[in-house]
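Down below is the structure, laid out as C-alpha cells.
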Amino acid sequence: MKGLKIMSYCRITDASVIFYDREVVVYNPKDEDPWLLQIYKAKDIHYPKFHKMDNLCKAGFLGAEMVVNDDSQENKENWAVVTFNRSSSLDDDTSYQKTIENADNYFPAPSVFVYTLPNILSGEIAIRHKIMGESVHYITKEFSAERICEAFNDLASDGKIDTIVGGWAEYFQGHVDVLMLKVSVNEEDKQLLTINNILKLWKI
Amino acid sequence: MEDLVLELKKKIIEVLNLEEVKPEDINENAPLFGEGLGLDSIDALELIVLMEKDYGIKLANAAAGRDVFKSVKTMADYITANRTK
C-alpha cells in the first residue's frame with residue numbers, strides 16, 4: 001500500500017540512544033564528556049559545526065544524523081524538515097541572558113545569540129543534509145503524536161514533498177528528549193505513519 | 001610575542017568551540033577566514049568581543065577589522081600595539 005511510511009527512527013533520552021529498536025549508545029556517567037558529545041563520538045560523526053551548536057540543535061542534529069543515513073552530496077529538493085518541541089530555544093536563551101545581565105561585564109555573545117530561535121534547529125538539519133524543501137519548527141505544549149502525524153501528512157499531501165525528516169526535539173536544563181523520524185511516500189513494506197505508530201516509538 | 005600568539009590560539013579555540021583543532025594546528029600566518037581555519041561572520045563577531053573583553057580594544061571600524069583579523073599574527077601585532085588590559 002502506498003502512503004507515508006516510517007523509514008527509520010531514533011529515540012534519544014537522558015539514558016540512551018535507540019535506533020531501530022536497539023540501544024546503540026548508553027550514557028556513561030564516568031565519561032567526562034557531556035552526554036550529547038558522548039553520542040557524537042560514539043557514532044564517529046565528523047562535522048565541526050556540531051561543536052558550535054547549542055544543545056537543542058545538537059540533540060536534533062544527532063537524531064537526524066542517524067535517521068537520514070545518506071552521504072550523498074546532492075540537493076534533496078523533495079525533502080522537508082519539520083520539528084516540534086515544548087521549550088523552544090529557552091535553554092540557549094538562558095545562556096544568552098547570562099552574557100547580558102551584568103552591566104559591568106556586558107559582552108553579548110554573538111555565537112550564543114544566533115541560537116536564540118528554535119527554528120535554527122530545523123535549519124541546521126536542512127543545511128547538513130542539503131534538504132531544500134520546507135523547513136519548519138512548531139512549539140507545542142507537550143509531545144503530540146497527532147500534531148506530528150497531521151503536519152507530516154499535510155506537507156506530503158501536495159505531492160511536492162516525498163520525504164520528511166523531523167519529529168520531537170526537546171532540550172532544556174540538561175535533559176534531552178528526541179524522537180526523530182524519516183518518513184517517505186513509498187510502497188515499501190514499512191510501518192505507516194499513524195498516531196499509534198508514532199506513540200509506540202515515543203514510548204519505546 | 002610568541003606567548004601572545006599561543007595565548008591567542010588557545011583563546012580562539014575556546015571561544016569559537018573549535019573542538020577538533022589544537023593550537024599547533026593553527027599556522028599563525030594562515031588566513032583566519034575563507035581558507036585556513038574557515039571561520040564565518042559569527043566567528044568574526046566573537047573575535048571582536050574577545051578583543052574588547054580580554055584586551056580592552058574596541059574595534060569600531062569594520063574595514064580596520066579586516067586587516068586585524070587576517071591571521072593570528074596580525075591579531076597579535078594589533079593587540080601588542082593597542083591593548084589597554
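Here, A, B, ... name the chains of the C-alpha cells in the order displayed, residue numbers run from 1 inside each chain, and ligands are numbered from 1 in the same displayed order.
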Within 8 Å of chain B, which residues of chain A show up when using only C-alpha atoms, listed as a PDB file with C-alpha atoms, in the first residue's frame?
```
ATOM      1  CA  PRO A  48      32.999  20.551  13.195  1.00  0.00           C
ATOM      2  CA  HIS A  51      30.592  21.928  18.453  1.00  0.00           C
ATOM      3  CA  LYS A  52      29.280  25.434  17.784  1.00  0.00           C
ATOM      4  CA  PHE A 107      29.525  41.214  26.479  1.00  0.00           C
ATOM      5  CA  ALA A 109      27.879  36.583  22.823  1.00  0.00           C
ATOM      6  CA  PRO A 110      27.065  36.528  19.083  1.00  0.00           C
ATOM      7  CA  SER A 111      27.587  32.771  18.814  1.00  0.00           C
TER       8      SER A 111
END
```
Excluding Asn119 in chain A and residues on its chain fewer than 4 positions from it, collect all residues at most 7 Å away from it, counting only C-alpha atoms, and give them as a list of chain:residue names.
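Near neighbours after the sequence-gap exclusion: A:Gly123, A:Val136, A:His137.
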Could the residues in this selection be written to a file with C-alpha atoms, as a CSV table (one decimal), in the first residue's frame?
```
chain,number,residue,atom,x,y,z
A,123,GLY,CA,17.7,24.9,9.5
A,136,VAL,CA,9.6,24.5,9.9
A,137,HIS,CA,9.6,24.3,13.7
```
When you count only C-alpha atoms, which of these residues is closest to Val82 in chain A: A:Glu150, A:Glu188, A:Glu134, A:Glu23?
A:Glu134
Please identify all polymer residues within 10 Å of Gln38 in chain A, counting only C-alpha atoms, omitting same-chain residues fewer than 6 positions from it, and present them as a list in words.
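Everything that qualifies: Val25, Val26, Tyr27, Asn28, Asp31, Glu32 and Asp44 of chain A.
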How far is it from CA of Ala81 in chain B to CA of Pro23 in chain B, in Å with one decimal?
23.0 Å
Sel. of strand (DSSP E) residues, range 45-153 of chain A, as an MDAnalysis selection string
chainID A and resid 79:85 135:139
Can you tell me which residues surround Asn29 in chain B at a distance of at most 9 Å, considering only C-alpha atoms, apart from same-chain residues fewer than 3 positions away, and format the answer as a PyMOL selection string?
chain B and resi 26+32+70-74
I want to know what sits within 9 Å of Thr99 in chain A, based on only C-alpha atoms, with residues of the same chain fewer than 3 positions away left out; could you give that as a list in words?
Ser95, Tyr96, Asn102, Asn105, Tyr106, Phe107, Pro108, Ala109 and Val112 of chain A
